[in-house]
Amino acid sequence: MTLSRTPLFLALLLAAAAHAADEPAAPQQARTLPTVDVHATTANSYRATDSQLDTFGSFGSAPLHDTPASITVLTRAQIDDRQPRTLSELVRGDAAINDNYAPAGYYQDVSIRGFPLDLATGFRFNGMIMSAEQLLALEGKERVEVLKGLGGLEAGVVEPGGLVNYVSKRAANVHTATLGTDSHGSNYEALDLGTWFTPDFGVRVNAANEKTHSYIEHADGRRSFVSVAADWKIGDKATLLLDTDYQTSGQRSASGYQLLGGTDLPPHPSRTRLLGYQPWQRPVGIHSSNTSLRFNYRFSDSWNAQFSAGHSHTVIDDNVAFAYGCFYAEACASGATPGYFFAPNGDYDVYDFRSPDDTRQNDEVRGVVTGSFATGSVDHEVNVGATSFRRTVDQRAYVYDYVGTANIDDRAVPVFDPSPNEPGPSVRRLTSWQRTLFAIDRVHLGEAWQVLAGARFVRLDERSYDSDGVLERNTRMSKSLPQAAVLWQPTAPLTTYVSYGEGLSLGREAPYWTSNGGTTLAPLHSRQVEAGVKYAVNDAFDLQAAVFRIRQAYQFARPDDTAEGFTFVQQGQEVHTGVELNLAGRVTENLRLTASANAIRARAENTGVPAYEGHQVVNVPRWRTAVYADYSLPFAPGLALLGGWRYAGANVATPDGERRVPAYHVFDAGLRYATSVSGHALTFRLNVDNVFNHFYWRDTGSSGGDSYLFPGMPRLARLSMTYDL
């Protein structure tokens, strides 16, 4: 159902109520926030001093400067100035993050430090686990926090790359409207409205409506979004925070390219052509909602408790005329070319794929107690807590039928008849429980030294079912995941640390074209060692650097003598060793800067397949950099120049390392002009992504064991106007 008007209507109702209410002064807003939720990020800052990720368990209640982990915070100012619309666009500013199967028109995934995130557990909404099989809207978010590296103590069962946490905007006296468009004629409207009805109760509503004219033919889309945040200071000691959002979207999904014959890059790829396009192909519809409720209670100046609940629900109507493989193409009839790649001549099969009512739901409850005490001359800060998390997946038996063969050079894809088959009834496909207990103690040994030690006990109980609802797998296991760190702070601006942690992640499902296709492998144990430095150059500019090494069992399709030719196994180790550097803040009075560099050596070791060792693993560029600058022109008050540069080294596309996509440089540019009209602030923003319209492959990731190639976005200009009502 299209709700293009509903979010804006709700927001306008709030605006009327807001102006009718008596608005308290700004200081009353600040005191409604509990101690554990106060953040120093300001509306116009590129620098953050705190995050939720250092509040809820892993690192104790400490500012980012005292956190023994690499955490990047994308502030509201950065989001506003860069105008990203997708997860892929959002994370460009951090060199440790790369796309991993991120098609246009579909929900997207990323990898951190070379490890893809699990969409079931790798993303958070106000610290609570969310179902990330959705388009992640940014209108209602104050910032996005990225934990790079092992999050075992923070999250339990999660991939070793890290976590992404979306933090909601809080109640404030805000009344702004934004209108936008782009060089393809898209329409964008958004409202950000809030008020404090009393000194103790405030509400914030964000709403957006967008009609996208995609740079990809036949892939125009639409989405509508609304979110509500409420802050209630119940008394001097208790605060209740409620956040909820809803979004509906529809857009045709763009299939990725594949290597020709499994070995060669497509010679003349198009960034604007929709592979496999069929006029009967319906858009992918995604309906999602996320809710978090947090109750904070302060027992004393030293002891606090937080009880939280989260609910995330996503329903996907998946419809794709899917370009995949060449099993039915004449060019692959001999069997010499693997059927799960495009044919050597560019032929590919088109499948009618329909999976309606694909429902993912995450529910979590958590309780945390934080406090401090002293034993003699030694000070302690402790966090103790428990969580219970449940994920369910309900799906209908999908249609996935071959309908015809096309070629990548077809200017117009031949029209084929859709499959006459219909999806089956919905059945439960997965029920997963994670129950955890965790504790951590931050010990202060004098002024300069701190020691953190903690562990999370995880109990995993997971059942998966086939398309008929018959039990296929029952996984039960318990694991203790330790974490420890030593911090040395010789001066207040400088923090150095060494940390060790362990994690647990779910095994992947074997691709259908392997001898054990459909089998889910056992959970994997991972380990990380990290050393880092954080330096506050001044009150407005931070530098952080980290060296890390992560080890996990290597999961891959091992060549063998089975009829299929491959068996999906966990054998050997995948070892990622890297160096990261991040800068953020105000360099001079007029210059704000974020810069990120990442060098990583990702290798498979002891796999038993010599061809798979001694080179970079798939979709992990060895070098990546990202720089974004904001320079306010001293001779033109209110006018600022925006610029960005992204670089990625050659990226491996096959497990044997024989095929790589070329390195690339991409440059972005923009302008921001802030003025006022009749005392109301007015801001114009112009962004041009990929100024020189450079072609590049941004992603060589995989999905379900199949490898794809996704081109980067061509030049695109976005223009917006934000007005304070």
# chains A, B, ... in the order shown; residues from 1 in each chain; ligands from 1

$ closest_atom_pairs --of "range 385-491 of chain A" --to "range 152-164 of chain A" --cutoff "12 Å" --atoms "only C-alpha atoms" --output "JSON lines"
{"residue": "A:Gly385", "atom": "CA", "partner": "A:Glu154", "partner_atom": "CA", "distance": 10.8}
{"residue": "A:Ala386", "atom": "CA", "partner": "A:Gly156", "partner_atom": "CA", "distance": 11.0}
{"residue": "A:Thr387", "atom": "CA", "partner": "A:Ala155", "partner_atom": "CA", "distance": 9.4}
{"residue": "A:Ser388", "atom": "CA", "partner": "A:Gly156", "partner_atom": "CA", "distance": 10.6}
{"residue": "A:Phe389", "atom": "CA", "partner": "A:Gly156", "partner_atom": "CA", "distance": 10.2}
{"residue": "A:Ser432", "atom": "CA", "partner": "A:Val157", "partner_atom": "CA", "distance": 11.1}
{"residue": "A:Trp433", "atom": "CA", "partner": "A:Val157", "partner_atom": "CA", "distance": 10.5}
{"residue": "A:Gln434", "atom": "CA", "partner": "A:Val157", "partner_atom": "CA", "distance": 7.8}
{"residue": "A:Arg435", "atom": "CA", "partner": "A:Gly156", "partner_atom": "CA", "distance": 8.8}
{"residue": "A:Thr436", "atom": "CA", "partner": "A:Gly156", "partner_atom": "CA", "distance": 7.2}
{"residue": "A:Leu437", "atom": "CA", "partner": "A:Gly156", "partner_atom": "CA", "distance": 9.4}
{"residue": "A:Phe438", "atom": "CA", "partner": "A:Leu153", "partner_atom": "CA", "distance": 7.2}
{"residue": "A:Ala439", "atom": "CA", "partner": "A:Leu153", "partner_atom": "CA", "distance": 8.7}
{"residue": "A:Ile440", "atom": "CA", "partner": "A:Leu153", "partner_atom": "CA", "distance": 8.9}
{"residue": "A:Leu452", "atom": "CA", "partner": "A:Leu153", "partner_atom": "CA", "distance": 11.9}
{"residue": "A:Ala453", "atom": "CA", "partner": "A:Leu153", "partner_atom": "CA", "distance": 10.5}
{"residue": "A:Gly454", "atom": "CA", "partner": "A:Leu153", "partner_atom": "CA", "distance": 7.8}
{"residue": "A:Ala455", "atom": "CA", "partner": "A:Leu153", "partner_atom": "CA", "distance": 6.2}
{"residue": "A:Arg456", "atom": "CA", "partner": "A:Leu153", "partner_atom": "CA", "distance": 5.3}
{"residue": "A:Phe457", "atom": "CA", "partner": "A:Gly156", "partner_atom": "CA", "distance": 8.0}
{"residue": "A:Val458", "atom": "CA", "partner": "A:Gly156", "partner_atom": "CA", "distance": 6.3}
{"residue": "A:Arg459", "atom": "CA", "partner": "A:Gly156", "partner_atom": "CA", "distance": 9.1}
{"residue": "A:Leu460", "atom": "CA", "partner": "A:Val157", "partner_atom": "CA", "distance": 8.2}
{"residue": "A:Asp461", "atom": "CA", "partner": "A:Val157", "partner_atom": "CA", "distance": 11.4}
{"residue": "A:Glu462", "atom": "CA", "partner": "A:Val157", "partner_atom": "CA", "distance": 11.8}
{"residue": "A:Met477", "atom": "CA", "partner": "A:Val157", "partner_atom": "CA", "distance": 11.3}
{"residue": "A:Ser478", "atom": "CA", "partner": "A:Val157", "partner_atom": "CA", "distance": 10.8}
{"residue": "A:Lys479", "atom": "CA", "partner": "A:Gly156", "partner_atom": "CA", "distance": 9.3}
{"residue": "A:Ser480", "atom": "CA", "partner": "A:Gly156", "partner_atom": "CA", "distance": 9.3}
{"residue": "A:Leu481", "atom": "CA", "partner": "A:Gly152", "partner_atom": "CA", "distance": 6.4}
{"residue": "A:Pro482", "atom": "CA", "partner": "A:Leu153", "partner_atom": "CA", "distance": 7.2}
{"residue": "A:Gln483", "atom": "CA", "partner": "A:Leu153", "partner_atom": "CA", "distance": 6.7}
{"residue": "A:Ala484", "atom": "CA", "partner": "A:Leu153", "partner_atom": "CA", "distance": 10.0}

$ residues_around --residues "Ala69 in chain A" --least-positions-apart "2" --cutoff "12 Å" --atoms "only C-alpha atoms" --output "ChimeraX atom specification"
/A:51,53-54,58-60,62-67,71-72,146-151,154,162-163,452,483-487,495-501,528-534,544-548,580

$ residues_around --residues "Val620 in chain A" --least-positions-apart "2" --cutoff "9 Å" --atoms "only C-alpha atoms" --output "list in words"
Asn98, Ser111, Arg113, Gly114, Phe115, Ile600, Arg601, Ala602, Gln616, Val617, Val618, Arg622, Trp623, Ala650, Asn651, Val652, Thr700 and Gly701 of chain A

$ write_last_selection --atoms "all heavy atoms" --output "CSV table (one decimal), in the first residue's frame"
chain,number,residue,atom,x,y,z
A,98,ASN,N,33.3,-1.6,3.1
A,98,ASN,CA,33.2,-1.9,1.7
A,98,ASN,C,31.8,-2.5,1.4
A,98,ASN,O,31.3,-3.2,2.2
A,98,ASN,CB,34.3,-2.8,1.2
A,98,ASN,CG,34.4,-2.9,-0.3
A,98,ASN,OD1,34.2,-1.9,-1.0
A,98,ASN,ND2,34.6,-4.1,-0.9
A,111,SER,N,30.8,-4.9,4.2
A,111,SER,CA,31.8,-5.6,5.0
A,111,SER,C,32.6,-4.6,5.8
A,111,SER,O,32.8,-3.5,5.3
A,111,SER,CB,32.7,-6.5,4.1
A,111,SER,OG,33.4,-5.7,3.2
A,113,ARG,N,36.4,-4.4,7.8
A,113,ARG,CA,37.7,-5.1,7.9
A,113,ARG,C,37.7,-6.4,7.1
A,113,ARG,O,38.3,-7.4,7.5
A,113,ARG,CB,38.0,-5.4,9.4
A,113,ARG,CG,38.3,-4.1,10.2
A,113,ARG,CD,38.7,-4.4,11.6
A,113,ARG,NE,39.2,-3.2,12.3
A,113,ARG,CZ,39.5,-3.1,13.5
A,113,ARG,NH1,39.5,-4.2,14.3
A,113,ARG,NH2,39.9,-1.9,14.0
A,114,GLY,N,36.9,-6.4,6.0
A,114,GLY,CA,36.9,-7.6,5.1
A,114,GLY,C,35.9,-8.7,5.4
A,114,GLY,O,35.8,-9.6,4.7
A,115,PHE,N,35.1,-8.5,6.5
A,115,PHE,CA,34.2,-9.6,6.9
A,115,PHE,C,32.8,-9.0,6.6
A,115,PHE,O,32.4,-8.0,7.2
A,115,PHE,CB,34.3,-10.0,8.3
A,115,PHE,CG,35.6,-10.8,8.6
A,115,PHE,CD1,36.7,-10.2,9.1
A,115,PHE,CD2,35.6,-12.1,8.4
A,115,PHE,CE1,37.8,-10.9,9.4
A,115,PHE,CE2,36.7,-12.9,8.6
A,115,PHE,CZ,37.9,-12.3,9.1
A,600,ILE,N,44.9,-3.5,4.4
A,600,ILE,CA,44.6,-4.8,5.0
A,600,ILE,C,45.2,-5.9,4.2
A,600,ILE,O,45.1,-5.9,2.9
A,600,ILE,CB,43.1,-4.9,5.1
A,600,ILE,CG1,42.7,-6.2,5.9
A,600,ILE,CG2,42.4,-4.8,3.8
A,600,ILE,CD1,41.2,-6.2,6.3
A,601,ARG,N,45.7,-6.9,4.8
A,601,ARG,CA,46.2,-8.1,4.2
A,601,ARG,C,45.3,-9.2,4.6
A,601,ARG,O,45.3,-9.6,5.8
A,601,ARG,CB,47.6,-8.4,4.6
A,601,ARG,CG,48.2,-9.6,4.0
A,601,ARG,CD,49.6,-9.9,4.5
A,601,ARG,NE,50.3,-11.0,3.8
A,601,ARG,CZ,50.2,-12.2,4.2
A,601,ARG,NH1,49.4,-12.6,5.2
A,601,ARG,NH2,50.9,-13.2,3.5
A,602,ALA,N,44.4,-9.7,3.7
A,602,ALA,CA,43.4,-10.7,4.0
A,602,ALA,C,43.8,-12.0,3.2
A,602,ALA,O,43.8,-12.0,2.0
A,602,ALA,CB,42.0,-10.2,3.6
A,616,GLN,N,45.1,-11.9,-1.8
A,616,GLN,CA,44.0,-11.3,-1.1
A,616,GLN,C,42.7,-12.1,-1.4
A,616,GLN,O,42.5,-12.6,-2.5
A,616,GLN,CB,43.9,-9.9,-1.6
A,616,GLN,CG,43.1,-8.9,-0.7
A,616,GLN,CD,44.0,-8.4,0.4
A,616,GLN,OE1,45.0,-8.9,0.7
A,616,GLN,NE2,43.5,-7.4,1.1
A,617,VAL,N,41.9,-12.2,-0.3
A,617,VAL,CA,40.6,-12.9,-0.5
A,617,VAL,C,39.6,-12.0,-1.3
A,617,VAL,O,39.8,-10.8,-1.5
A,617,VAL,CB,40.0,-13.3,0.8
A,617,VAL,CG1,40.9,-14.2,1.6
A,617,VAL,CG2,39.7,-12.1,1.7
A,618,VAL,N,38.5,-12.6,-1.7
A,618,VAL,CA,37.6,-11.9,-2.6
A,618,VAL,C,36.9,-10.7,-1.9
A,618,VAL,O,36.6,-10.8,-0.7
A,618,VAL,CB,36.5,-12.9,-3.1
A,618,VAL,CG1,35.4,-12.2,-3.8
A,618,VAL,CG2,37.1,-14.0,-4.0
A,622,ARG,N,43.1,-4.2,-0.9
A,622,ARG,CA,44.2,-4.1,0.0
A,622,ARG,C,44.4,-2.7,0.5
A,622,ARG,O,44.8,-2.4,1.6
A,622,ARG,CB,45.5,-4.6,-0.7
A,622,ARG,CG,46.6,-4.7,0.3
A,622,ARG,CD,47.8,-5.5,-0.3
A,622,ARG,NE,48.8,-5.7,0.7
A,622,ARG,CZ,49.9,-6.4,0.5
A,622,ARG,NH1,50.1,-7.0,-0.6
A,622,ARG,NH2,50.8,-6.5,1.5
A,623,TRP,N,44.0,-1.7,-0.3
A,623,TRP,CA,44.1,-0.3,0.1
A,623,TRP,C,42.8,0.5,-0.2
A,623,TRP,O,42.2,0.3,-1.2
A,623,TRP,CB,45.2,0.4,-0.7
A,623,TRP,CG,46.6,-0.2,-0.6
A,623,TRP,CD1,47.1,-1.1,-1.5
A,623,TRP,CD2,47.6,0.0,0.4
A,623,TRP,NE1,48.4,-1.5,-1.0
A,623,TRP,CE2,48.7,-0.8,0.1
A,623,TRP,CE3,47.6,0.9,1.5
A,623,TRP,CZ2,49.8,-0.8,0.9
A,623,TRP,CZ3,48.8,0.9,2.3
A,623,TRP,CH2,49.9,0.0,2.0
A,650,ALA,N,43.0,-2.5,-6.4
A,650,ALA,CA,42.5,-3.6,-7.2
A,650,ALA,C,41.8,-4.6,-6.3
A,650,ALA,O,42.3,-4.9,-5.2
A,650,ALA,CB,43.6,-4.3,-8.0
A,651,ASN,N,40.6,-5.1,-6.7
A,651,ASN,CA,39.8,-6.0,-5.8
A,651,ASN,C,39.7,-7.3,-6.5
A,651,ASN,O,39.2,-7.5,-7.6
A,651,ASN,CB,38.4,-5.3,-5.7
A,651,ASN,CG,37.7,-5.8,-4.5
A,651,ASN,OD1,38.1,-6.7,-3.8
A,651,ASN,ND2,36.5,-5.3,-4.3
A,652,VAL,N,40.0,-8.4,-5.7
A,652,VAL,CA,39.9,-9.7,-6.1
A,652,VAL,C,38.5,-10.2,-6.4
A,652,VAL,O,37.6,-9.9,-5.6
A,652,VAL,CB,40.6,-10.7,-5.1
A,652,VAL,CG1,40.4,-12.1,-5.5
A,652,VAL,CG2,42.1,-10.4,-5.0
A,700,THR,N,32.6,-6.7,-5.5
A,700,THR,CA,32.8,-8.0,-6.1
A,700,THR,C,32.3,-9.1,-5.1
A,700,THR,O,32.8,-10.2,-5.1
A,700,THR,CB,34.3,-8.3,-6.5
A,700,THR,OG1,35.0,-8.4,-5.3
A,700,THR,CG2,34.8,-7.3,-7.4
A,701,GLY,N,31.3,-8.7,-4.3
A,701,GLY,CA,30.8,-9.5,-3.2
A,701,GLY,C,30.0,-10.7,-3.7
A,701,GLY,O,29.8,-10.9,-4.9

$ atom_distance --atom1 "CA of His525 in chain A" --atom2 "CA of Gln552 in chain A"
6.3 Å

$ closest_residue --among "A:Cys332, A:Leu138, A:Leu293, A:Leu641" --to "Glu89 in chain A" --atoms "only C-alpha atoms"
A:Leu138
